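**Q** If it helps, the file is called work01.cif and holds mmCIF, C-alpha atoms and all ligand atoms:
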```
data_input
loop_
_atom_site.label_atom_id
_atom_site.label_comp_id
_atom_site.auth_asym_id
_atom_site.auth_seq_id
_atom_site.Cartn_x
_atom_site.Cartn_y
_atom_site.Cartn_z
CA MET A 4 -16.42 9.86 -5.24
CA ARG A 5 -15.88 6.59 -3.46
CA VAL A 6 -12.26 5.67 -2.74
CA PHE A 7 -10.95 2.22 -1.77
CA SER A 8 -7.43 1.04 -0.94
CA GLY A 9 -5.62 -1.36 1.37
CA ILE A 10 -2.32 -2.57 2.78
CA GLN A 11 -1.28 -6.10 3.67
CA PRO A 12 -0.42 -6.86 7.29
CA THR A 13 2.97 -8.24 6.29
CA GLY A 14 6.33 -6.79 7.42
CA THR A 15 6.87 -3.21 8.50
CA ILE A 16 5.16 -0.22 6.87
CA HIS A 17 7.81 1.92 5.22
CA ILE A 18 8.09 5.38 3.70
CA GLY A 19 7.34 3.89 0.25
CA ASN A 20 3.91 2.70 1.46
CA TYR A 21 3.39 6.13 2.98
CA LEU A 22 4.43 8.21 -0.04
CA GLY A 23 2.85 5.87 -2.60
CA ALA A 24 -0.43 5.15 -0.84
CA ILE A 25 -1.25 6.50 2.63
CA LYS A 26 -0.34 10.13 1.91
CA GLN A 27 -2.86 10.15 -0.94
CA TRP A 28 -5.49 8.60 1.32
CA VAL A 29 -5.10 11.31 3.92
CA GLU A 30 -5.63 13.98 1.25
CA LEU A 31 -8.53 12.18 -0.44
CA GLN A 32 -10.52 11.64 2.75
CA GLU A 33 -11.20 15.38 2.98
CA LYS A 34 -13.62 15.43 0.05
CA ASN A 35 -14.52 11.79 -0.66
CA GLU A 36 -16.14 8.73 0.84
CA CYS A 37 -13.08 6.67 1.72
CA ILE A 38 -12.75 3.01 2.64
CA PHE A 39 -9.35 1.75 3.83
CA CYS A 40 -8.85 -1.92 4.48
CA ILE A 41 -6.24 -4.06 6.18
CA VAL A 42 -6.05 -6.89 3.69
CA ASP A 43 -5.20 -9.85 5.90
CA LEU A 44 -6.47 -12.44 3.40
CA HIS A 45 -3.89 -11.23 0.90
CA ALA A 46 -1.16 -11.71 3.50
CA LEU A 47 -1.90 -15.46 3.67
CA THR A 48 -0.40 -15.94 0.22
CA VAL A 49 3.18 -15.68 1.52
CA PRO A 50 4.74 -17.61 4.44
CA TYR A 51 3.55 -16.22 7.80
CA LYS A 52 3.04 -17.14 11.46
CA PRO A 53 -0.66 -17.32 12.47
CA LYS A 54 0.16 -16.15 16.02
CA GLU A 55 1.84 -13.02 14.70
CA LEU A 56 -0.80 -12.11 12.13
CA GLU A 57 -3.33 -10.69 14.59
CA ASN A 58 -0.76 -8.40 16.17
CA SER A 59 0.34 -7.31 12.75
CA VAL A 60 -3.24 -6.40 11.83
CA LEU A 61 -3.61 -4.21 14.92
CA GLU A 62 -0.25 -2.62 14.26
CA LYS A 63 -1.37 -1.70 10.73
CA ALA A 64 -4.55 -0.11 12.10
CA ILE A 65 -2.26 1.95 14.33
CA VAL A 66 -0.19 2.92 11.27
CA TYR A 67 -3.31 4.16 9.48
CA LEU A 68 -4.36 6.25 12.47
CA ALA A 69 -0.87 7.54 13.28
CA SER A 70 -0.36 8.70 9.72
CA GLY A 71 -3.54 10.72 9.62
CA VAL A 72 -6.36 8.47 8.43
CA ASP A 73 -9.34 9.86 10.35
CA PRO A 74 -11.94 7.31 11.48
CA GLY A 75 -14.47 10.15 11.64
CA LYS A 76 -14.09 10.60 7.89
CA SER A 77 -12.99 7.19 6.59
CA ILE A 78 -14.06 3.60 7.08
CA ILE A 79 -11.18 1.48 8.43
CA PHE A 80 -11.74 -2.27 8.66
CA ILE A 81 -10.24 -5.75 8.43
CA GLN A 82 -10.84 -7.57 5.14
CA SER A 83 -11.45 -11.04 6.60
CA GLN A 84 -14.24 -9.70 8.83
CA VAL A 85 -16.45 -8.91 5.85
CA LYS A 86 -17.17 -12.29 4.30
CA GLU A 87 -18.47 -10.88 1.03
CA HIS A 88 -14.83 -10.35 -0.07
CA THR A 89 -14.25 -14.09 -0.27
CA GLU A 90 -17.65 -14.77 -1.79
CA LEU A 91 -17.14 -12.24 -4.56
CA THR A 92 -13.63 -13.58 -5.17
CA TRP A 93 -15.06 -16.96 -6.14
CA LEU A 94 -17.67 -15.40 -8.39
CA LEU A 95 -15.04 -13.28 -10.14
CA ASN A 96 -12.78 -16.32 -10.53
CA THR A 97 -15.27 -17.58 -13.09
CA VAL A 98 -14.83 -14.55 -15.37
CA THR A 99 -11.05 -14.07 -14.98
CA PRO A 100 -8.78 -15.45 -17.73
CA VAL A 101 -5.90 -17.51 -16.28
CA GLY A 102 -3.53 -16.03 -18.86
CA GLU A 103 -4.01 -12.57 -17.33
CA LEU A 104 -3.00 -13.87 -13.90
CA THR A 105 0.19 -15.61 -14.98
CA ARG A 106 1.51 -12.48 -16.68
CA MET A 107 1.22 -10.29 -13.56
CA THR A 108 4.59 -8.86 -12.46
CA GLN A 109 3.89 -9.35 -8.75
CA PHE A 110 3.07 -13.03 -9.29
CA LYS A 111 6.31 -13.54 -11.19
CA GLU A 112 8.37 -11.69 -8.58
CA LYS A 113 6.79 -13.32 -5.54
CA SER A 114 7.04 -16.77 -7.14
CA LYS A 115 10.78 -16.17 -7.37
CA LYS A 116 11.01 -14.77 -3.85
CA PHE A 117 9.00 -17.62 -2.28
CA ARG A 118 10.03 -20.55 -4.50
CA GLN A 119 8.99 -23.10 -1.87
CA ASN A 120 5.46 -21.73 -1.61
CA ILE A 121 4.00 -20.90 -5.01
CA ASN A 122 0.40 -21.45 -3.97
CA ALA A 123 -2.76 -20.82 -6.00
CA GLY A 124 -3.54 -17.87 -3.71
CA LEU A 125 -0.44 -16.09 -4.97
CA LEU A 126 -1.72 -16.50 -8.52
CA ASN A 127 -5.29 -15.52 -7.65
CA TYR A 128 -4.25 -12.53 -5.51
CA PRO A 129 -5.47 -10.00 -8.12
CA ILE A 130 -8.96 -11.57 -8.15
CA LEU A 131 -9.28 -11.04 -4.40
CA MET A 132 -8.06 -7.48 -4.95
CA ALA A 133 -10.66 -6.98 -7.70
CA ALA A 134 -13.33 -8.25 -5.30
CA ASP A 135 -12.15 -5.79 -2.61
CA ILE A 136 -12.46 -2.87 -5.00
CA LEU A 137 -15.60 -3.83 -6.93
CA LEU A 138 -17.57 -4.80 -3.84
CA TYR A 139 -17.70 -1.13 -2.85
CA GLN A 140 -18.54 0.23 -6.33
CA THR A 141 -15.29 2.15 -6.10
CA ASP A 142 -14.52 5.18 -8.29
CA VAL A 143 -10.85 5.67 -7.40
CA VAL A 144 -8.08 3.37 -6.15
CA PRO A 145 -5.06 5.26 -4.76
CA VAL A 146 -2.02 2.95 -4.85
CA GLY A 147 1.70 2.90 -5.66
CA GLU A 148 3.01 2.19 -9.15
CA ASP A 149 3.48 -1.54 -8.51
CA GLN A 150 -0.26 -2.08 -7.97
CA LYS A 151 -1.32 -0.28 -11.15
CA GLN A 152 -1.29 -3.51 -13.13
CA HIS A 153 -3.67 -5.16 -10.65
CA VAL A 154 -6.12 -2.26 -10.83
CA GLU A 155 -6.02 -2.51 -14.61
CA LEU A 156 -6.91 -6.19 -14.33
CA THR A 157 -9.73 -5.20 -11.96
CA ARG A 158 -11.06 -2.94 -14.72
CA THR A 159 -10.90 -5.82 -17.21
CA ILE A 160 -12.74 -8.13 -14.81
CA ALA A 161 -15.44 -5.50 -14.16
CA ARG A 162 -15.97 -4.98 -17.89
CA LYS A 163 -16.13 -8.72 -18.59
CA PHE A 164 -18.67 -9.20 -15.83
CA ASN A 165 -20.78 -6.28 -17.03
CA GLN A 166 -20.75 -7.64 -20.59
CA LYS A 167 -21.77 -11.10 -19.51
CA PHE A 168 -24.34 -10.32 -16.82
CA GLY A 169 -25.41 -6.74 -17.55
CA GLU A 170 -24.23 -3.38 -16.11
CA THR A 171 -23.30 -4.15 -12.49
CA PHE A 172 -19.90 -2.81 -11.51
CA LYS A 173 -18.42 0.63 -11.72
CA VAL A 174 -15.13 0.46 -13.63
CA PRO A 175 -12.66 2.07 -11.19
CA GLU A 176 -9.83 4.49 -11.98
CA VAL A 177 -6.33 4.03 -10.61
CA LYS A 178 -4.60 6.97 -8.91
CA VAL A 179 -0.83 6.99 -8.41
CA PRO A 180 1.01 10.05 -7.07
CA LYS A 181 3.01 12.18 -9.54
CA SER A 182 6.12 11.71 -7.44
CA GLY A 183 6.80 8.92 -4.92
CA ALA A 184 4.77 6.22 -6.70
CA LYS A 185 7.79 3.93 -6.69
CA ILE A 186 10.31 4.46 -3.91
CA MET A 187 13.29 2.19 -4.43
CA SER A 188 15.10 -0.13 -2.02
CA LEU A 189 17.97 1.47 -0.08
CA GLN A 190 20.16 -1.54 -0.77
CA ASN A 191 19.21 -2.16 -4.39
CA PRO A 192 17.94 0.95 -6.17
CA ALA A 193 16.86 -1.15 -9.16
CA LYS A 194 14.16 -2.77 -7.01
CA LYS A 195 11.15 -1.21 -5.27
CA MET A 196 11.20 -0.79 -1.50
CA SER A 197 9.22 -3.70 0.02
CA LYS A 198 7.94 -4.56 3.50
CA THR A 199 9.02 -8.16 3.07
CA ASP A 200 12.67 -7.43 2.24
CA GLY A 201 15.24 -6.99 5.03
CA PRO A 202 15.05 -3.95 7.39
CA ASP A 203 18.17 -2.41 5.80
CA THR A 204 16.27 -1.96 2.54
CA TYR A 205 13.59 0.36 3.92
CA ILE A 206 12.94 3.18 6.38
CA GLY A 207 10.06 2.07 8.59
CA LEU A 208 7.51 4.74 9.40
CA PHE A 209 8.29 4.26 13.10
CA ASP A 210 12.06 3.68 12.90
CA GLU A 211 14.06 5.21 15.75
CA PRO A 212 16.41 8.13 14.91
CA GLU A 213 19.55 6.01 15.22
CA GLU A 214 18.19 3.36 12.81
CA ILE A 215 17.19 6.01 10.28
CA LYS A 216 20.66 7.51 10.38
CA GLN A 217 22.42 4.18 9.96
CA LYS A 218 20.19 3.00 7.12
CA ILE A 219 20.52 6.24 5.13
CA MET A 220 24.29 6.45 5.64
CA ARG A 221 24.67 2.83 4.48
CA SER A 222 22.30 3.11 1.55
CA VAL A 223 23.72 2.06 -1.81
CA THR A 224 24.74 4.87 -4.17
CA ASP A 225 27.07 5.08 -7.18
CA THR A 226 30.78 5.84 -6.96
CA GLY A 227 30.43 9.41 -8.26
CA LYS A 228 30.42 12.62 -6.25
CA ILE A 229 27.75 14.80 -7.81
CA ILE A 230 24.26 15.08 -6.37
CA LYS A 231 22.17 15.05 -9.50
CA TYR A 232 18.83 13.48 -10.39
CA ASN A 233 19.35 10.83 -13.07
CA PRO A 234 17.35 7.65 -12.40
CA GLU A 235 19.08 5.66 -15.16
CA LYS A 236 22.70 6.41 -14.26
CA LYS A 237 22.39 7.43 -10.62
CA ALA A 238 19.45 5.40 -9.34
CA GLY A 239 20.46 5.45 -5.65
CA ILE A 240 21.05 9.20 -5.39
CA SER A 241 17.94 9.90 -7.48
CA ASN A 242 15.83 7.81 -5.11
CA LEU A 243 17.23 9.68 -2.09
CA LEU A 244 16.58 13.00 -3.84
CA THR A 245 12.95 11.99 -4.44
CA ILE A 246 12.55 11.08 -0.77
CA TYR A 247 14.22 14.35 0.28
CA SER A 248 11.97 16.34 -2.03
CA LEU A 249 8.74 14.72 -0.81
CA PHE A 250 9.50 15.14 2.88
CA SER A 251 10.87 18.69 2.57
CA GLY A 252 8.42 20.06 0.01
CA LYS A 253 11.39 21.37 -2.02
CA ASN A 254 11.67 20.44 -5.68
CA ILE A 255 14.57 18.39 -7.02
CA LYS A 256 16.21 21.30 -8.90
CA GLU A 257 16.28 23.32 -5.68
CA LEU A 258 17.91 20.40 -3.87
CA GLU A 259 20.55 19.94 -6.57
CA ARG A 260 21.47 23.59 -6.09
CA LYS A 261 21.48 23.29 -2.30
CA PHE A 262 23.92 20.35 -2.42
CA LYS A 263 26.12 21.60 -5.27
CA GLY A 264 29.78 20.95 -4.46
CA LYS A 265 28.87 18.86 -1.39
CA GLY A 266 29.58 15.15 -1.06
CA TYR A 267 27.27 12.17 -0.64
CA ALA A 268 28.00 11.93 3.09
CA GLU A 269 26.84 15.47 3.75
CA PHE A 270 23.72 14.97 1.63
CA LYS A 271 22.88 11.73 3.40
CA LYS A 272 23.38 13.30 6.82
CA SER A 273 20.99 16.08 5.93
CA LEU A 274 18.41 13.58 4.60
CA ALA A 275 18.68 11.47 7.77
CA GLU A 276 18.01 14.55 9.87
CA LEU A 277 15.04 15.53 7.72
CA LEU A 278 13.55 12.03 8.04
CA ILE A 279 14.14 11.85 11.79
CA ASN A 280 12.25 15.12 12.22
CA SER A 281 9.50 14.37 9.71
CA LEU A 282 8.74 10.95 11.18
CA GLU A 283 8.77 12.13 14.80
CA PRO A 284 5.00 12.85 14.92
CA PHE A 285 4.32 9.32 13.57
CA ARG A 286 6.42 7.75 16.34
CA ARG A 287 4.73 9.91 18.95
CA LYS A 288 1.17 9.09 17.82
CA ARG A 289 2.02 5.41 17.61
CA LYS A 290 3.20 5.34 21.22
CA GLU A 291 -0.01 6.99 22.29
CA LEU A 292 -2.17 4.53 20.32
CA LEU A 293 -0.29 1.48 21.58
CA SER A 294 -1.78 2.11 25.01
CA ARG A 295 -5.31 2.45 23.60
CA GLU A 296 -5.98 -0.97 22.15
CA VAL A 297 -9.68 -0.92 23.08
CA TYR A 298 -10.15 2.34 21.18
CA VAL A 299 -8.39 0.94 18.08
CA LYS A 300 -10.50 -2.24 18.17
CA GLU A 301 -13.67 -0.19 18.50
CA ILE A 302 -12.74 1.77 15.34
CA LEU A 303 -12.24 -1.50 13.45
CA GLU A 304 -15.59 -2.81 14.69
CA GLN A 305 -17.41 0.35 13.60
CA GLY A 306 -15.60 0.11 10.26
CA ARG A 307 -16.66 -3.50 9.81
CA LYS A 308 -20.31 -2.62 10.36
CA ARG A 309 -20.24 0.24 7.88
CA ALA A 310 -18.34 -1.76 5.23
CA GLU A 311 -20.68 -4.72 5.61
CA ILE A 312 -23.77 -2.69 4.72
CA ILE A 313 -22.27 -1.67 1.37
CA ALA A 314 -20.77 -5.11 0.68
CA GLN A 315 -24.02 -6.96 1.36
CA SER A 316 -26.00 -4.69 -0.90
CA THR A 317 -23.57 -5.24 -3.82
CA ILE A 318 -23.48 -9.01 -3.31
CA GLY A 319 -27.27 -9.17 -3.31
CA GLU A 320 -27.36 -7.57 -6.74
CA ILE A 321 -24.60 -9.83 -8.08
CA ARG A 322 -26.36 -12.97 -6.86
CA LYS A 323 -29.47 -11.92 -8.76
CA LYS A 324 -27.51 -11.21 -11.93
CA MET A 325 -25.68 -14.54 -11.77
CA GLY A 326 -28.74 -16.69 -11.10
CA LEU A 327 -27.96 -17.38 -7.44
CA SER A 328 -30.88 -15.73 -5.72
CA ILE A 329 -33.35 -18.61 -5.53
P1 LIG A 401 4.97 -6.71 0.39
O1 LIG A 401 6.43 -6.95 0.22
O2 LIG A 401 4.35 -7.46 1.54
O3 LIG A 401 4.19 -6.85 -0.89
P2 LIG A 401 4.73 -3.85 0.05
O4 LIG A 401 5.73 -2.89 0.59
O5 LIG A 401 4.71 -4.05 -1.43
O6 LIG A 401 4.88 -5.20 0.85
P3 LIG A 401 1.82 -3.74 0.08
O7 LIG A 401 0.99 -3.99 1.29
O8 LIG A 401 1.89 -4.81 -0.97
O9 LIG A 401 3.29 -3.34 0.54
O10 LIG A 401 1.31 -2.40 -0.62
C1 LIG A 401 0.66 -1.35 0.08
C2 LIG A 401 0.61 -0.09 -0.76
O11 LIG A 401 1.91 0.51 -0.80
C3 LIG A 401 0.21 -0.30 -2.20
O12 LIG A 401 -0.62 0.76 -2.61
C4 LIG A 401 1.50 -0.27 -2.96
O13 LIG A 401 1.36 0.12 -4.30
C5 LIG A 401 2.28 0.77 -2.16
N1 LIG A 401 3.72 0.57 -2.26
C6 LIG A 401 4.39 -0.57 -1.96
N2 LIG A 401 5.71 -0.40 -2.14
C7 LIG A 401 5.87 0.87 -2.60
C8 LIG A 401 7.02 1.64 -2.98
N3 LIG A 401 8.23 1.11 -2.93
N4 LIG A 401 6.83 2.92 -3.38
C9 LIG A 401 5.58 3.47 -3.42
N5 LIG A 401 4.47 2.80 -3.10
C10 LIG A 401 4.59 1.52 -2.68
MG MG A 402 3.38 -5.43 -2.31
#
```
Using structure tokens, write down the structure that the file contains.
**A**
Amino acid sequence: MRVFSGIQPTGTIHIGNYLGAIKQWVELQEKNECIFCIVDLHALTVPYKPKELENSVLEKAIVYLASGVDPGKSIIFIQSQVKEHTELTWLLNTVTPVGELTRMTQFKEKSKKFRQNINAGLLNYPILMAADILLYQTDVVPVGEDQKQHVELTRTIARKFNQKFGETFKVPEVKVPKSGAKIMSLQNPAKKMSKTDGPDTYIGLFDEPEEIKQKIMRSVTDTGKIIKYNPEKKAGISNLLTIYSLFSGKNIKELERKFKGKGYAEFKKSLAELLINSLEPFRRKRKELLSREVYVKEILEQGRKRAEIIAQSTIGEIRKKMGLSI
């Protein structure tokens, strides 16, 4: 099977990105042909500093490598370096209904978050994402819950195209993890954890032990005392239990028993310790990779070459189907 997924070079990669997306990638790369992209063109849809973007792209490549994506098994590349992504985006624009775009949850949320900058790119974001996925004739797209809607739209676009121009695209399946598909913000457990919210709302994959401790201890929970999983009534504690469960490999019931009769402070302390230990290898590998910039750039260059071969072959076929191959 061919697998495709990506992360935007915005903000700081957090444990939600890891549990929702990257962890699945690392497992999938063992038996599949995987393509993982750093989607810098998507990052242009929200306010950013051009000078900082390039560093952020390299940092994300380091995140991929430090969290176990193996360049010997998977293609890792930068979206903007393969021009077929933008070309296909335009072509798919012509088969995408505007009504579908305006009803997307992410568009609505980001329009609220960035009121001063509701650009057409923010609206058309899912078309670029469809181009990313369809360009590689992808079978499976491993993402977090919040991106499910966009993959569904990708399926709609693929079907519309196939109907209009003849069988061209594979219609991809979405894959979200059973647990961890939507890790919530530490400061507002009704909202998903996001890279572009403040640092107090997430645990960064490379956060230092002291930061992890402070953020977990300060995380918002209810006024009760019992450590019980109940996402409706105890969203904060339930989110922390999910995180605890995924990093410890223990199920929630086991954890409820372990912390029976113990207070929130003790539970949080134990979670902070678990996270500090679990994330230590990530911090260590990152430090090592930071001093090997040439190596990281070489991986991205190899990735670009391999991605380009597939992308060019798909675009050639599409041009023919659409009457653009004169
Ligand atoms: P931004 O605020 O810039 O949109 P983000 O945290 O949503 O940042 P993305 O780059 O948009 O990160 O998404 C990367 C991947 O991480 C996607 O597969 C997405 O579904 C997943 N993801 C994002 N947030 C979460 C979360 N809170 N829980 C689980 N998965 C998540
Ligand atoms: Mg996002």
**Q** Sort by chain and increasing residue number a table of all residues of stretch 156-222 of chain A within 10 Å of stretch 108-130 of chain A, each with its closest pair of atoms and their distance in Å to one decimal, counting all atoms listed in the file, and write it as CSV.
**A**
```
residue,atom,partner,partner_atom,distance
A:Leu156,CA,A:Pro129,CA,7.4
A:Thr157,CA,A:Ile130,CA,7.5
A:Ile160,CA,A:Ile130,CA,8.4
A:Thr199,CA,A:Lys116,CA,9.8
A:Asp200,CA,A:Lys116,CA,9.7
```
**Q** Quick check, in Å to one decimal: how far apart do atom CA of A:Glu291 and atom CA of A:Ser273 lie?
**A** 28.1 Å
**Q** Please identify all protein, DNA and RNA residues within 9 Å of ligand MG 402 (chain A), counting only C-alpha atoms and all ligand atoms, and report them as a PDB file with C-alpha atoms, in the coordinates of the input.
**A**
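Result file follows (result_4.pdb):
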```pdb
ATOM      1  CA  ILE A  10      -2.320  -2.570   2.780  1.00  0.00           C
ATOM      2  CA  GLN A  11      -1.280  -6.100   3.670  1.00  0.00           C
ATOM      3  CA  ASN A  20       3.910   2.700   1.460  1.00  0.00           C
ATOM      4  CA  GLN A 109       3.890  -9.350  -8.750  1.00  0.00           C
ATOM      5  CA  ASP A 149       3.480  -1.540  -8.510  1.00  0.00           C
ATOM      6  CA  GLN A 150      -0.260  -2.080  -7.970  1.00  0.00           C
ATOM      7  CA  SER A 197       9.220  -3.700   0.020  1.00  0.00           C
ATOM      8  CA  LYS A 198       7.940  -4.560   3.500  1.00  0.00           C
ATOM      9  CA  THR A 199       9.020  -8.160   3.070  1.00  0.00           C
TER      10      THR A 199
END
```
**Q** Report the distance between atom CA of A:Arg322 and atom CA of A:Asp142 in Å, rounded to one decimal place.
**A** 21.7 Å
**Q** Please produce, as CSV, a per-residue contact table for chain A versus ligand LIG 401 (chain A) (criterion: any atom at most 9 Å away, all atoms listed in the file considered), showing the nearest atom pair and its distance in Å to one decimal, sorted by chain then residue number.
**A**
```
residue,atom,partner,partner_atom,distance
A:Ser8,CA,A:LIG401,O12,7.0
A:Gly9,CA,A:LIG401,C1,6.4
A:Ile10,CA,A:LIG401,O7,3.9
A:Gln11,CA,A:LIG401,O7,3.9
A:Pro12,CA,A:LIG401,O7,6.8
A:Thr13,CA,A:LIG401,O2,5.0
A:Gly14,CA,A:LIG401,O2,6.2
A:Thr15,CA,A:LIG401,O4,8.0
A:Ile16,CA,A:LIG401,O4,6.8
A:His17,CA,A:LIG401,O4,7.0
A:Ile18,CA,A:LIG401,N4,7.6
A:Gly19,CA,A:LIG401,N4,3.8
A:Asn20,CA,A:LIG401,O11,3.7
A:Tyr21,CA,A:LIG401,O11,6.9
A:Leu22,CA,A:LIG401,C9,5.9
A:Gly23,CA,A:LIG401,N5,3.5
A:Ala24,CA,A:LIG401,O12,4.7
A:Ile25,CA,A:LIG401,O11,7.6
A:Ile41,CA,A:LIG401,O7,8.7
A:Val42,CA,A:LIG401,O7,8.0
A:His45,CA,A:LIG401,O7,8.7
A:Ala46,CA,A:LIG401,O2,7.2
A:Val49,CA,A:LIG401,O2,8.3
A:Gln109,CA,A:LIG401,O3,8.3
A:Lys113,CA,A:LIG401,O3,8.4
A:Val144,CA,A:LIG401,O12,8.7
A:Pro145,CA,A:LIG401,O12,6.7
A:Val146,CA,A:LIG401,O12,3.4
A:Gly147,CA,A:LIG401,O13,3.1
A:Glu148,CA,A:LIG401,O13,5.5
A:Asp149,CA,A:LIG401,O13,5.0
A:Gln150,CA,A:LIG401,O13,4.6
A:Lys151,CA,A:LIG401,O13,7.4
A:Val179,CA,A:LIG401,O13,8.3
A:Pro180,CA,A:LIG401,C9,8.8
A:Gly183,CA,A:LIG401,C9,5.8
A:Ala184,CA,A:LIG401,C9,4.4
A:Lys185,CA,A:LIG401,N4,3.6
A:Ile186,CA,A:LIG401,N4,3.8
A:Met187,CA,A:LIG401,N3,5.4
A:Ser188,CA,A:LIG401,N3,7.0
A:Lys194,CA,A:LIG401,N3,8.2
A:Lys195,CA,A:LIG401,N3,4.4
A:Met196,CA,A:LIG401,N3,3.8
A:Ser197,CA,A:LIG401,O4,3.6
A:Lys198,CA,A:LIG401,O4,4.0
A:Thr199,CA,A:LIG401,O1,4.0
A:Asp200,CA,A:LIG401,O1,6.6
A:Tyr205,CA,A:LIG401,N3,8.7
```
**Q** How far is it from atom CA of A:Gln82 to atom CA of A:Gly326, in Å with one decimal?
**A**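 Atom-to-atom, atom CA of A:Gln82 to atom CA of A:Gly326, that is 25.8 Å.
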**Q** Name all residues at most 9 Å from A:Val66 (count all atoms listed in the file; drop same-chain ones fewer than 6 positions away) and give them as a compact mmCIF listing (two decimals) with C-alpha atoms, in the coordinates of the input.
**A**
```
# COMPACT_ATOMS: atom_id res chain seq x y z
CA ILE A 16 5.16 -0.22 6.87
CA VAL A 72 -6.36 8.47 8.43
CA LEU A 208 7.51 4.74 9.40
CA PHE A 209 8.29 4.26 13.10
CA PHE A 285 4.32 9.32 13.57
CA ARG A 289 2.02 5.41 17.61
```
**Q** Which residues, written as an NGL selection string, have at least one atom at most 9 Å from A:Leu292, with only C-alpha atoms counted and residues fewer than 6 positions away on the same chain left out?
**A** :A and (65 or 68-69 or 298-299)
**Q** I need the residue nearest A:Asp225 from this list: A:Thr245, A:Gln190, A:Ser77, A:Ser70. Use all atoms listed in the file for the distance.
**A**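 Among the listed residues, the smallest separation from A:Asp225 belongs to A:Gln190.
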**Q** Out of A:Ala193, A:Ile81, A:Thr89, A:Lys216, which residue has the shortest atom-to-atom distance to A:Ser241 when counting all atoms listed in the file?
**A**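 When distances to A:Ser241 are compared using all atoms listed in the file, the smallest one comes from A:Ala193.
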**Q** Between A:Gln217, A:Thr226, A:Thr99, A:Asn280, which has the minimum distance to A:Ser251 (counting all atoms listed in the file)?
**A** A:Asn280
**Q** Identify the residues around (-28.6, -8.4, -17.9) within a radius of 12 Å, measuring from only C-alpha atoms in the coordinates stated by the file, and give them as a PDB file with C-alpha atoms, in the coordinates of the input.
**A**
```pdb
ATOM      1  CA  PHE A 164     -18.670  -9.200 -15.830  1.00  0.00           C
ATOM      2  CA  ASN A 165     -20.780  -6.280 -17.030  1.00  0.00           C
ATOM      3  CA  GLN A 166     -20.750  -7.640 -20.590  1.00  0.00           C
ATOM      4  CA  LYS A 167     -21.770 -11.100 -19.510  1.00  0.00           C
ATOM      5  CA  PHE A 168     -24.340 -10.320 -16.820  1.00  0.00           C
ATOM      6  CA  GLY A 169     -25.410  -6.740 -17.550  1.00  0.00           C
ATOM      7  CA  GLU A 170     -24.230  -3.380 -16.110  1.00  0.00           C
ATOM      8  CA  THR A 171     -23.300  -4.150 -12.490  1.00  0.00           C
ATOM      9  CA  GLU A 320     -27.360  -7.570  -6.740  1.00  0.00           C
ATOM     10  CA  ILE A 321     -24.600  -9.830  -8.080  1.00  0.00           C
ATOM     11  CA  LYS A 323     -29.470 -11.920  -8.760  1.00  0.00           C
ATOM     12  CA  LYS A 324     -27.510 -11.210 -11.930  1.00  0.00           C
ATOM     13  CA  MET A 325     -25.680 -14.540 -11.770  1.00  0.00           C
ATOM     14  CA  GLY A 326     -28.740 -16.690 -11.100  1.00  0.00           C
TER      15      GLY A 326
END
```
**Q** I'd like to know which of A:Met220, A:Leu44, A:Ile312, A:Leu95 is closest to A:Leu56, using only C-alpha atoms.
**A** A:Leu44
**Q** If you count only C-alpha atoms, which residues fall within 7 Å of stretch 131-141 of chain A, apart from same-chain ones fewer than 2 positions away, as number ranges by chain?
**A** A: 5-7, 88, 91-92, 127-129, 143, 157, 172-173, 175, 313-314, 317
